[in-house]
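Source file: my_file-v3.csv; contents: CSV, C-alpha atoms.
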```csv
chain,number,residue,atom,x,y,z
J,1,MET,CA,-14.4,-22.9,31.9
J,2,LEU,CA,-14.6,-25.2,35.0
J,3,LYS,CA,-17.1,-27.9,33.9
J,4,ARG,CA,-14.8,-30.7,35.1
J,5,HIS,CA,-15.4,-29.6,38.7
J,6,TYR,CA,-19.2,-30.0,38.4
J,7,ARG,CA,-19.5,-33.5,37.1
J,8,ARG,CA,-22.1,-34.8,39.6
J,9,PHE,CA,-24.5,-31.9,39.2
J,10,LEU,CA,-24.2,-32.0,35.4
J,11,ALA,CA,-24.6,-35.8,35.3
J,12,ALA,CA,-27.8,-35.4,37.3
J,13,HIS,CA,-29.3,-33.2,34.5
J,14,PRO,CA,-28.0,-34.6,31.2
J,15,ASP,CA,-30.9,-33.3,29.1
J,16,ALA,CA,-31.3,-29.9,30.8
J,17,LEU,CA,-29.5,-26.6,31.0
J,18,TYR,CA,-29.8,-24.4,34.2
J,19,PHE,CA,-29.3,-20.7,33.6
J,20,THR,CA,-30.0,-20.0,37.2
J,21,ALA,CA,-26.5,-19.6,38.6
J,22,HIS,CA,-27.8,-16.4,40.2
J,23,SER,CA,-30.4,-18.4,42.2
J,24,HIS,CA,-29.2,-21.9,43.0
J,25,HIS,CA,-25.7,-22.2,41.7
J,26,PHE,CA,-24.4,-25.7,40.9
J,27,TRP,CA,-22.0,-27.1,43.6
J,28,PRO,CA,-18.6,-28.3,42.7
J,29,ASP,CA,-17.8,-32.0,43.4
J,30,VAL,CA,-15.6,-31.1,46.3
J,31,THR,CA,-18.8,-30.1,48.3
J,32,ARG,CA,-19.9,-33.8,48.4
J,33,ASP,CA,-16.6,-34.8,49.9
J,34,ALA,CA,-17.0,-31.9,52.4
J,35,MET,CA,-20.5,-33.2,53.4
J,36,LEU,CA,-19.0,-36.7,54.1
J,37,ARG,CA,-16.1,-35.1,56.0
J,38,CYS,CA,-18.6,-33.3,58.2
J,39,TRP,CA,-20.4,-36.5,59.0
J,40,ASP,CA,-17.2,-38.4,59.7
J,41,ASP,CA,-16.0,-35.6,62.0
J,42,ALA,CA,-19.3,-35.8,63.9
J,43,ALA,CA,-19.0,-39.6,64.2
J,44,ARG,CA,-15.4,-39.4,65.3
J,45,LEU,CA,-15.6,-36.4,67.7
J,46,VAL,CA,-19.3,-36.5,68.8
J,47,ASP,CA,-19.9,-33.4,71.0
J,48,ASP,CA,-16.2,-32.5,70.9
J,49,LYS,CA,-16.6,-31.5,67.2
J,50,TRP,CA,-17.3,-27.9,68.3
J,51,GLY,CA,-13.7,-27.4,69.5
J,52,PRO,CA,-12.0,-28.0,66.1
J,53,LEU,CA,-14.9,-26.2,64.3
J,54,HIS,CA,-14.5,-23.0,66.3
J,55,GLY,CA,-10.8,-23.3,66.8
J,56,GLU,CA,-9.7,-24.3,63.3
J,57,ARG,CA,-12.3,-24.6,60.6
J,58,ILE,CA,-14.2,-21.3,61.2
J,59,PRO,CA,-11.0,-19.2,61.4
J,60,GLN,CA,-9.7,-20.9,58.2
J,61,LEU,CA,-13.0,-20.0,56.4
J,62,GLN,CA,-12.9,-16.5,57.8
J,63,GLN,CA,-9.4,-16.1,56.3
J,64,ARG,CA,-10.6,-17.4,52.9
J,65,ILE,CA,-13.6,-15.1,52.8
J,66,ALA,CA,-11.6,-12.1,54.0
J,67,ARG,CA,-9.2,-12.5,51.1
J,68,LEU,CA,-12.1,-12.3,48.6
J,69,LEU,CA,-13.5,-9.3,50.5
J,70,ASP,CA,-10.1,-7.6,50.7
J,71,SER,CA,-10.6,-7.4,54.4
J,72,GLU,CA,-7.7,-7.2,56.9
J,73,THR,CA,-10.0,-8.3,59.8
J,74,PRO,CA,-11.2,-11.8,59.2
J,75,GLN,CA,-12.2,-12.1,62.9
J,76,GLN,CA,-15.0,-9.6,62.1
J,77,LEU,CA,-16.9,-12.2,60.1
J,78,CYS,CA,-19.9,-13.8,61.8
J,79,PHE,CA,-21.7,-16.8,60.4
J,80,ALA,CA,-25.4,-17.7,60.4
J,81,PRO,CA,-27.7,-20.1,58.5
J,82,SER,CA,-29.3,-17.1,56.7
J,83,THR,CA,-28.8,-13.4,56.1
J,84,HIS,CA,-32.2,-12.9,57.7
J,85,ASP,CA,-30.8,-14.2,61.0
J,86,LEU,CA,-28.1,-11.6,60.8
J,87,LEU,CA,-30.4,-8.8,59.7
J,88,VAL,CA,-32.7,-9.4,62.6
J,89,ARG,CA,-29.8,-9.2,65.1
J,90,LEU,CA,-28.7,-5.9,63.4
J,91,LEU,CA,-32.2,-4.5,63.5
J,92,SER,CA,-32.4,-5.3,67.2
J,93,CYS,CA,-29.6,-2.8,67.9
J,94,LEU,CA,-31.7,0.1,66.8
J,95,PRO,CA,-33.5,2.5,69.2
J,96,THR,CA,-36.7,1.3,70.8
J,97,ASP,CA,-38.0,4.6,72.3
J,98,ARG,CA,-39.2,6.1,69.0
J,99,PRO,CA,-39.9,5.0,65.4
J,100,VAL,CA,-36.7,4.0,63.7
J,101,ARG,CA,-35.8,5.8,60.5
J,102,ILE,CA,-34.6,3.5,57.7
J,103,LEU,CA,-33.3,4.6,54.3
J,104,THR,CA,-33.1,2.0,51.5
J,105,SER,CA,-33.9,1.2,47.9
J,106,ASN,CA,-37.1,0.1,46.2
J,107,ALA,CA,-35.4,-3.1,45.0
J,108,GLU,CA,-34.2,-5.0,48.1
J,109,PHE,CA,-34.5,-8.8,48.4
J,110,HIS,CA,-37.3,-10.4,50.4
J,111,SER,CA,-35.2,-11.1,53.5
J,112,PHE,CA,-35.0,-7.4,54.1
J,113,ASP,CA,-38.0,-6.0,52.3
J,114,ARG,CA,-40.6,-8.3,53.9
J,115,GLN,CA,-39.2,-7.9,57.4
J,116,VAL,CA,-39.1,-4.1,57.2
J,117,ARG,CA,-42.5,-3.9,55.6
J,118,ARG,CA,-43.9,-5.9,58.5
J,119,LEU,CA,-42.2,-3.7,61.0
J,120,GLU,CA,-43.6,-0.7,59.2
J,121,GLU,CA,-47.1,-2.1,59.8
J,122,THR,CA,-46.5,-2.2,63.6
J,123,GLY,CA,-45.2,1.4,63.6
J,124,TRP,CA,-41.7,0.3,64.7
J,125,CYS,CA,-40.1,2.0,61.8
J,126,ARG,CA,-40.5,4.6,59.0
J,127,VAL,CA,-38.9,3.7,55.7
J,128,THR,CA,-38.0,5.8,52.8
J,129,ARG,CA,-37.2,4.0,49.5
J,130,ILE,CA,-35.0,5.5,46.8
J,131,PRO,CA,-35.6,4.2,43.2
J,132,SER,CA,-32.8,1.8,42.2
J,133,GLU,CA,-33.1,2.9,38.6
J,134,PRO,CA,-31.5,4.6,36.8
J,135,VAL,CA,-28.7,3.0,38.7
J,136,GLY,CA,-26.2,5.8,37.9
J,137,GLU,CA,-28.4,8.2,39.9
J,138,PHE,CA,-29.0,5.8,42.9
J,139,ALA,CA,-25.8,6.5,44.9
J,140,PRO,CA,-26.0,10.3,44.6
J,141,ALA,CA,-29.7,10.2,45.5
J,142,LEU,CA,-29.0,8.0,48.6
J,143,ALA,CA,-26.2,10.3,49.6
J,144,ALA,CA,-28.3,13.4,49.2
J,145,ALA,CA,-31.1,11.8,51.4
J,146,LEU,CA,-28.5,11.0,54.1
J,147,ARG,CA,-27.4,14.6,54.2
J,148,ARG,CA,-30.9,16.0,54.4
J,149,GLN,CA,-32.0,14.4,57.6
J,150,HIS,CA,-31.1,11.9,60.3
J,151,TRP,CA,-31.4,8.1,59.7
J,152,ASP,CA,-30.8,5.2,62.0
J,153,LEU,CA,-30.0,2.7,59.3
J,154,VAL,CA,-29.2,2.9,55.6
J,155,PHE,CA,-29.5,-0.5,53.8
J,156,PHE,CA,-28.9,-1.2,50.1
J,157,SER,CA,-27.7,-3.9,47.7
J,158,GLN,CA,-24.4,-3.8,45.9
J,159,VAL,CA,-26.1,-5.7,43.1
J,160,PHE,CA,-29.9,-5.4,42.8
J,161,PHE,CA,-31.5,-8.9,42.7
J,162,ASP,CA,-34.2,-7.9,40.1
J,163,SER,CA,-31.9,-6.3,37.5
J,164,GLY,CA,-28.3,-7.2,38.0
J,165,LEU,CA,-27.4,-3.5,38.1
J,166,VAL,CA,-24.4,-2.6,40.3
J,167,VAL,CA,-24.0,0.2,42.7
J,168,THR,CA,-20.3,1.0,41.9
J,169,GLU,CA,-20.1,4.2,44.0
J,170,LEU,CA,-20.0,3.2,47.6
J,171,GLU,CA,-17.7,5.9,49.0
J,172,PRO,CA,-20.1,8.8,48.5
J,173,ILE,CA,-22.8,6.9,50.4
J,174,LEU,CA,-20.4,6.1,53.3
J,175,ALA,CA,-19.1,9.6,53.4
J,176,ALA,CA,-22.6,11.1,53.7
J,177,ALA,CA,-23.7,8.7,56.5
J,178,PRO,CA,-23.1,10.2,60.0
J,179,ASP,CA,-21.3,8.1,62.6
J,180,ASP,CA,-24.6,7.3,64.5
J,181,CYS,CA,-26.2,5.9,61.3
J,182,LEU,CA,-25.7,2.2,60.7
J,183,VAL,CA,-24.7,1.3,57.1
J,184,ALA,CA,-25.5,-2.2,55.8
J,185,ILE,CA,-24.7,-3.5,52.3
J,186,ASP,CA,-26.4,-6.6,50.9
J,187,GLY,CA,-23.5,-8.2,48.9
J,188,TYR,CA,-25.2,-11.5,48.1
J,189,HIS,CA,-25.2,-11.0,44.3
J,190,ALA,CA,-21.7,-9.5,44.4
J,191,PHE,CA,-19.7,-11.8,46.6
J,192,ALA,CA,-17.6,-14.3,44.6
J,193,ALA,CA,-19.0,-12.8,41.4
J,194,LEU,CA,-17.8,-9.2,41.0
J,195,PRO,CA,-14.0,-8.6,40.7
J,196,ARG,CA,-14.4,-5.4,42.7
J,197,ALA,CA,-14.2,-6.3,46.5
J,198,PRO,CA,-15.8,-4.0,49.1
J,199,GLY,CA,-12.3,-3.5,50.7
J,200,SER,CA,-12.1,-0.2,52.7
J,201,ALA,CA,-16.0,0.0,52.8
J,202,LEU,CA,-15.9,-2.8,55.4
J,203,ARG,CA,-14.3,-0.4,57.9
J,204,ARG,CA,-17.6,1.5,58.0
J,205,ALA,CA,-20.4,-0.8,56.7
J,206,PHE,CA,-21.9,-4.1,57.7
J,207,TYR,CA,-21.6,-6.4,54.7
J,208,LEU,CA,-23.9,-9.4,54.3
J,209,ALA,CA,-23.6,-12.3,51.9
J,210,GLY,CA,-23.5,-16.1,51.7
J,211,GLY,CA,-22.7,-19.3,50.0
J,212,TYR,CA,-26.0,-20.1,48.2
J,213,LYS,CA,-25.2,-18.3,45.0
J,214,TYR,CA,-21.8,-17.6,43.4
J,215,ALA,CA,-19.8,-18.9,46.3
J,216,GLN,CA,-21.3,-22.3,45.3
J,217,GLY,CA,-21.4,-23.8,48.8
J,218,GLY,CA,-25.2,-24.0,49.0
J,219,GLU,CA,-27.7,-22.9,51.6
J,220,GLY,CA,-27.0,-22.7,55.3
J,221,CYS,CA,-23.8,-20.6,55.4
J,222,CYS,CA,-24.2,-16.9,55.4
J,223,PHE,CA,-22.0,-14.2,57.0
J,224,MET,CA,-21.9,-10.6,58.0
J,225,HIS,CA,-18.6,-8.7,58.2
J,226,VAL,CA,-18.9,-6.4,61.2
J,227,PRO,CA,-17.0,-3.1,61.2
J,228,PRO,CA,-13.9,-3.3,63.4
J,229,GLY,CA,-14.5,-1.7,66.8
J,230,CYS,CA,-18.2,-2.2,66.7
J,231,ARG,CA,-19.6,-2.2,70.3
J,232,LEU,CA,-23.3,-2.7,69.5
J,233,ARG,CA,-25.2,-5.1,71.8
J,234,PRO,CA,-27.9,-7.0,69.7
J,235,VAL,CA,-31.0,-7.6,71.7
J,236,ILE,CA,-31.6,-10.7,69.7
J,237,THR,CA,-28.6,-12.8,70.7
J,238,GLY,CA,-27.5,-16.4,71.2
J,239,TRP,CA,-25.0,-18.1,73.4
J,240,PHE,CA,-22.4,-18.3,70.6
J,241,ALA,CA,-22.1,-14.6,70.9
J,242,ASP,CA,-20.0,-14.9,74.1
J,243,PHE,CA,-18.0,-18.1,74.7
J,244,LYS,CA,-15.6,-16.2,77.0
J,245,HIS,CA,-18.0,-15.8,79.9
J,246,LEU,CA,-20.0,-19.1,79.6
J,247,ALA,CA,-18.5,-20.6,82.8
J,248,THR,CA,-19.5,-17.7,85.1
J,249,ARG,CA,-22.8,-15.7,85.2
J,250,GLN,CA,-22.2,-12.0,84.6
J,251,ALA,CA,-24.3,-9.1,85.9
J,252,ASP,CA,-24.8,-7.8,82.4
J,253,VAL,CA,-25.1,-9.8,79.2
J,254,GLN,CA,-21.6,-9.9,77.7
J,255,TYR,CA,-20.5,-10.0,74.0
J,256,ALA,CA,-17.4,-11.1,72.1
J,257,ASP,CA,-15.1,-8.3,71.1
J,258,ASP,CA,-15.1,-9.3,67.4
J,259,GLY,CA,-17.8,-10.2,64.8
J,260,ARG,CA,-19.1,-13.0,66.9
J,261,ARG,CA,-21.1,-10.5,69.0
J,262,PHE,CA,-23.7,-11.0,66.3
J,263,ALA,CA,-23.7,-14.8,66.5
J,264,GLY,CA,-26.7,-16.9,67.3
J,265,ALA,CA,-26.7,-20.5,68.7
J,266,THR,CA,-26.2,-24.1,67.6
J,267,PHE,CA,-26.3,-24.7,63.9
J,268,ASP,CA,-25.6,-27.4,61.3
J,269,PRO,CA,-21.9,-27.0,60.4
J,270,ALA,CA,-22.2,-28.9,57.0
J,271,ALA,CA,-22.6,-25.7,55.0
J,272,LEU,CA,-19.4,-24.3,56.5
J,273,TYR,CA,-17.6,-27.4,55.4
J,274,ARG,CA,-19.0,-27.1,51.8
J,275,LEU,CA,-18.1,-23.4,51.5
J,276,ASP,CA,-14.6,-23.9,52.9
J,277,ALA,CA,-14.1,-26.7,50.3
J,278,VAL,CA,-15.1,-24.5,47.4
J,279,LEU,CA,-12.8,-21.6,48.5
J,280,ALA,CA,-10.0,-24.1,49.1
J,281,LEU,CA,-10.5,-25.4,45.6
J,282,TYR,CA,-10.2,-21.8,44.3
J,283,GLN,CA,-6.8,-21.5,46.1
J,284,ARG,CA,-5.5,-24.9,45.1
J,285,GLU,CA,-6.4,-24.5,41.4
J,286,GLY,CA,-5.5,-20.8,41.2
J,287,ILE,CA,-9.1,-19.8,40.3
J,288,ARG,CA,-9.6,-16.1,40.6
J,289,ILE,CA,-12.9,-14.2,40.8
J,290,ASP,CA,-11.6,-12.0,38.0
J,291,ASP,CA,-11.3,-15.1,35.8
J,292,ILE,CA,-14.8,-16.3,36.5
J,293,HIS,CA,-16.2,-12.8,35.9
J,294,ARG,CA,-14.5,-12.5,32.6
J,295,HIS,CA,-15.9,-15.9,31.6
J,296,VAL,CA,-19.4,-14.9,32.6
J,297,GLN,CA,-18.9,-11.6,30.6
J,298,THR,CA,-18.0,-13.6,27.5
J,299,LEU,CA,-21.1,-15.7,27.8
J,300,GLN,CA,-23.3,-12.6,28.4
J,301,ARG,CA,-21.9,-10.9,25.4
J,302,ARG,CA,-22.5,-14.0,23.2
J,303,PHE,CA,-26.0,-14.2,24.5
J,304,LEU,CA,-26.8,-10.5,23.9
J,305,ASP,CA,-25.1,-10.5,20.4
J,306,GLY,CA,-27.4,-13.4,19.4
J,307,LEU,CA,-30.7,-11.8,20.3
J,308,GLY,CA,-31.3,-10.2,16.9
J,309,ASN,CA,-33.8,-12.9,15.8
J,310,VAL,CA,-35.5,-13.9,19.1
J,311,PRO,CA,-39.2,-12.9,18.6
J,312,CYS,CA,-40.3,-13.9,22.1
J,313,LEU,CA,-38.1,-11.2,23.7
J,314,SER,CA,-38.5,-8.5,21.1
J,315,ALA,CA,-41.1,-6.6,23.2
J,316,GLY,CA,-38.8,-6.4,26.3
J,317,ARG,CA,-36.5,-3.9,27.9
J,318,TRP,CA,-33.1,-5.2,28.9
J,319,LEU,CA,-31.8,-4.1,32.3
J,320,TYR,CA,-28.2,-3.9,31.1
J,321,GLN,CA,-25.9,-1.0,30.3
J,322,PRO,CA,-22.9,-1.7,28.0
J,323,GLY,CA,-19.6,-0.6,29.4
J,324,ARG,CA,-20.9,-0.6,33.0
J,325,LEU,CA,-20.0,-3.3,35.6
J,326,HIS,CA,-22.9,-5.8,35.7
J,327,GLY,CA,-23.9,-8.7,37.9
J,328,HIS,CA,-23.8,-12.4,36.7
J,329,PHE,CA,-27.3,-12.5,35.4
J,330,LEU,CA,-29.2,-10.5,32.7
J,331,ALA,CA,-32.7,-9.4,33.2
J,332,ILE,CA,-35.3,-8.3,30.7
J,333,GLU,CA,-38.6,-6.5,31.6
J,334,LEU,CA,-41.5,-8.0,29.6
J,335,PRO,CA,-45.2,-7.1,29.2
J,336,ASP,CA,-47.9,-8.6,31.5
J,337,SER,CA,-47.2,-12.2,32.6
J,338,GLN,CA,-44.9,-13.0,29.7
J,339,ALA,CA,-41.9,-13.5,32.0
J,340,SER,CA,-43.6,-16.3,34.0
J,341,THR,CA,-45.0,-17.8,30.8
J,342,LEU,CA,-41.5,-18.0,29.2
J,343,VAL,CA,-40.1,-19.6,32.4
J,344,GLN,CA,-42.7,-22.3,32.0
J,345,ARG,CA,-42.3,-22.8,28.3
J,346,LEU,CA,-38.5,-22.9,28.4
J,347,GLY,CA,-38.7,-25.4,31.4
J,348,GLN,CA,-40.8,-27.7,29.2
J,349,ARG,CA,-37.9,-27.7,26.8
J,350,GLY,CA,-35.2,-28.4,29.3
J,351,ILE,CA,-34.0,-24.8,29.7
J,352,HIS,CA,-34.3,-23.5,33.3
J,353,VAL,CA,-34.5,-19.7,33.9
J,354,ASP,CA,-36.5,-17.7,36.5
J,355,SER,CA,-38.4,-14.5,36.8
J,356,ARG,CA,-39.1,-11.8,39.4
J,357,GLY,CA,-42.4,-10.1,38.7
J,358,ASN,CA,-42.4,-9.1,35.0
J,359,ARG,CA,-38.6,-9.6,34.7
J,360,LEU,CA,-37.0,-12.7,33.2
J,361,ARG,CA,-33.5,-13.6,34.4
J,362,PHE,CA,-30.8,-15.5,32.7
J,363,GLY,CA,-27.8,-16.4,34.9
J,364,PHE,CA,-24.4,-17.7,33.7
J,365,GLY,CA,-21.7,-19.5,35.6
J,366,PRO,CA,-18.4,-21.3,35.3
J,367,TYR,CA,-20.1,-24.6,34.3
J,368,HIS,CA,-21.5,-23.0,31.2
J,369,ASP,CA,-19.8,-22.7,27.9
J,370,THR,CA,-20.5,-21.0,24.5
J,371,GLY,CA,-22.2,-24.1,23.2
J,372,ASP,CA,-24.7,-23.9,26.1
J,373,VAL,CA,-25.5,-20.3,25.3
J,374,ASP,CA,-26.0,-21.1,21.6
J,375,HIS,CA,-28.4,-23.9,22.6
J,376,LEU,CA,-30.3,-21.4,24.8
J,377,LEU,CA,-30.6,-18.9,21.9
J,378,GLN,CA,-31.7,-21.6,19.5
J,379,THR,CA,-34.4,-22.7,21.9
J,380,LEU,CA,-35.6,-19.1,22.3
J,381,ARG,CA,-35.7,-18.6,18.6
J,382,ARG,CA,-37.9,-21.7,18.1
J,383,LEU,CA,-40.3,-20.9,20.9
J,384,PRO,CA,-43.8,-20.6,19.2
J,385,PRO,CA,-46.3,-17.9,20.2
J,386,PRO,CA,-48.3,-17.0,22.1
J,387,TRP,CA,-45.7,-16.0,24.7
J,388,HIS,CA,-48.3,-14.6,27.0
J,389,LEU,CA,-51.2,-16.7,28.4
J,390,ALA,CA,-53.8,-15.1,30.7
J,391,GLY,CA,-53.9,-16.8,34.0
J,392,ASP,CA,-50.5,-18.4,33.8
J,393,PRO,CA,-49.3,-19.3,37.3
J,394,PRO,CA,-46.2,-17.3,38.5
J,395,ALA,CA,-42.9,-19.2,38.1
J,396,ASP,CA,-41.1,-17.3,40.8
J,397,ASN,CA,-39.3,-19.0,43.7
J,398,PRO,CA,-38.1,-16.8,46.6
J,399,THR,CA,-34.3,-16.7,45.9
```
Just give me the structure as structure tokens.
Amino acid sequence: MLKRHYRRFLAAHPDALYFTAHSHHFWPDVTRDAMLRCWDDAARLVDDKWGPLHGERIPQLQQRIARLLDSETPQQLCFAPSTHDLLVRLLSCLPTDRPVRILTSNAEFHSFDRQVRRLEETGWCRVTRIPSEPVGEFAPALAAALRRQHWDLVFFSQVFFDSGLVVTELEPILAAAPDDCLVAIDGYHAFAALPRAPGSALRRAFYLAGGYKYAQGGEGCCFMHVPPGCRLRPVITGWFADFKHLATRQADVQYADDGRRFAGATFDPAALYRLDAVLALYQREGIRIDDIHRHVQTLQRRFLDGLGNVPCLSAGRWLYQPGRLHGHFLAIELPDSQASTLVQRLGQRGIHVDSRGNRLRFGFGPYHDTGDVDHLLQTLRRLPPPWHLAGDPPADNPT
């Protein structure tokens, strides 16, 4: 679909295929130019680079992201190097005089899951986890739990990282959450991938995502859309959260009136340059998220239709429901350590996929075509047994 925009990444791997667009997406060539532009701006402006960055580049990037989110309030976007940074600041807004009550799923990504499990160990919070599957029952179950008792925070993924399954019913969850319950949505596997933008949900929920995956800008540029009118005062805070009062010391710690109230401190701006360059490319070339999604759907269907004679996957259970909106990767649940074994075996043959526990993931992107999918299927068909080796090392990486 868009292979011509990824010449440098593709040229670096002439004998390999990376079906890991859901983990580390290839970067378009414009991101290299953006990196050089960032360096040149630093050399030209030195310490004065922060003025144009905050006055021009960040507002421009906010506008581009807001369009994809269907948000009318781009100023509510706050940037950070990782979603974990933003999550910690959000958690620091919760009560400290009693154990915090958190409602979530059993399939949240490490940034949230690890942090909350550690906080559970200290007694700081009590967490209830709703099963993410079957996904059609998740939103009703979450909404029912919200109505049964009081919660301080409800946190869930729009697309679950271990399955690609999508929570399509956001409104029942938002409607069930009382005003004093914070609602946060992990949109990392949805942003710049799914054609359905969060839109009106942003008036009520915090929405976290970033550039590492489908937005194609790489690591270091994550964001949180803060509900308009939010007056929370994060305990974990940095000096970027209030430029207005820097010149004079205030009796109380002050915060910006927009999304910047969740900002941290000095960061490397290169990732913002890269993400802005990608989204500018979209606008310039008329590339729509709908178009990319349809392309990925075409590749997914071709892959699924070709699985009839793939012995190494015959014992698996696909986490995919035909006719239902799905993320940009397909996951199959396999016995024992077969998933990590297949990651290793395929990698030896120049096919890169990944696994999460006993689930093997195949991710498709705009730099893939049907020929790439056919080569993947052919390689899978030719993979000799055994497909499970006792003691195989896990092939997971953390993303």
- Message: I'd like the neighbourhood of J:Phe9 as a list in words, where a residue qualifies if any of its atoms comes within 7 Å (using all atoms listed in the file), though same-chain residues fewer than 3 positions away should be ignored.
- Response: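 My reading of the contact set: Tyr6, Ala12, His13, Phe26 and Trp27 of chain J.
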- Query: Any idea what's packed within 10 Å of J:Asn309, counting all atoms listed in the file, ignoring anything in its chain fewer than 6 positions away? Could you give it as a PyMOL selection string?
  - Reply: chain J and resi 377-378+380-382
- Contacts of stretch 209-215 of chain J within 7 Å, only C-alpha atoms, excl. fewer than 6 positions in-chain, as a ChimeraX atom specification: /J:21-25,83,186-188,191-193,221-224,275
- Note on the structure: Of J:Ile289, J:Ala139, J:Val226, J:Ala16, the one sitting nearest J:Ile351 when using all atoms listed in the file is J:Ala16
- Query: Rounded to one decimal in Å, what is the spacing between atom CA of J:Leu281 and atom CA of J:Arg37?
  - Reply: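 We find that atom CA of J:Leu281 and atom CA of J:Arg37 lie 15.3 Å from each other.
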- Query: Do you have the atom CA of J:Arg302-atom CA of J:Tyr18 distance handy?
  - Reply: 16.8 Å
- Task: Fewer than 3 positions away in the same chain doesn't count, so skip those; otherwise give me all residues within 7 Å of J:Leu68, counting all atoms listed in the file, as JSON, numbers by chain.
- Result: {"J": [64, 65, 197]}
- Message: Report, in Å with one decimal, the straight-line distance from atom CA of J:Met35 to atom CA of J:Gly218.
- Response: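 Atom-to-atom, atom CA of J:Met35 and atom CA of J:Gly218 are spaced 11.2 Å apart.
Residues lying within 7 Å of stretch 258-272 of chain J, counting only C-alpha atoms and ignoring same-chain neighbours fewer than 4 positions away, are Met35, Cys38, Gln75, Gln76, Leu77, Cys78, Phe79, Ala80, Arg89, Gly217, Gly218, Glu219, Gly220, Cys221, His225, Val226, Pro234, Thr237, Gly238, Trp239, Phe240, Ala241, Asp242 and Asp276 of chain J.
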- Item | Shortest interatomic distance to J:Pro99 - which of J:Ala175, J:Leu153, J:Ala256, J:Ala145, counting only C-alpha atoms | J:Leu153
- For J:Ile58, the closest of J:Val116, J:Tyr273, J:Lys3, J:Leu279 counting only C-alpha atoms is J:Tyr273
- Task: Point out the residue among J:Gly327, J:Gly316, J:Gly347, J:Pro74 with the least atom-to-atom distance to J:Pro228, counting only C-alpha atoms.
- Result: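 Once distances to J:Pro228 are computed over only C-alpha atoms, the minimum belongs to J:Pro74.
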- Show me as a list in words the residues that reach within 9 Å of (-36.4, -2.6, 31.5), counting all atoms listed in the file and using the file's own coordinates. Ser163, Gly316, Arg317, Trp318, Leu319, Tyr320, Ala331, Ile332, Glu333, Leu334 and Arg359 of chain J
- Expected answer as a count of residues only: all residues with atoms within 7 Å of (-22.8, -19.3, 36.4), all atoms listed in the file: 11
- Task: Go through J:Arg148, J:Asp40, J:Arg203, J:Arg57 and flag the residue nearest J:Thr73, using only C-alpha atoms for the distances.
- Result: J:Arg203
- Find, counting only C-alpha atoms, the residue in J:Ser314, J:Gln63, J:Ser82, J:Ser132 that gets nearest to J:Gly164.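 So, comparing all the options, the nearest one is J:Ser132.
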Determine, for each residue of stretch 175-289 of chain J having at least one atom at most 10 Å from an atom of stretch 100-106 of chain J, the closest pair of atoms and their separation in Å to one decimal, counting all atoms listed in the file; order by chain and ascending number, as JSON lines.
```
{"residue": "J:Cys181", "atom": "CA", "partner": "J:Ile102", "partner_atom": "CA", "distance": 9.4}
{"residue": "J:Leu182", "atom": "CA", "partner": "J:Ile102", "partner_atom": "CA", "distance": 9.5}
{"residue": "J:Val183", "atom": "CA", "partner": "J:Leu103", "partner_atom": "CA", "distance": 9.6}
{"residue": "J:Ala184", "atom": "CA", "partner": "J:Thr104", "partner_atom": "CA", "distance": 9.7}
```
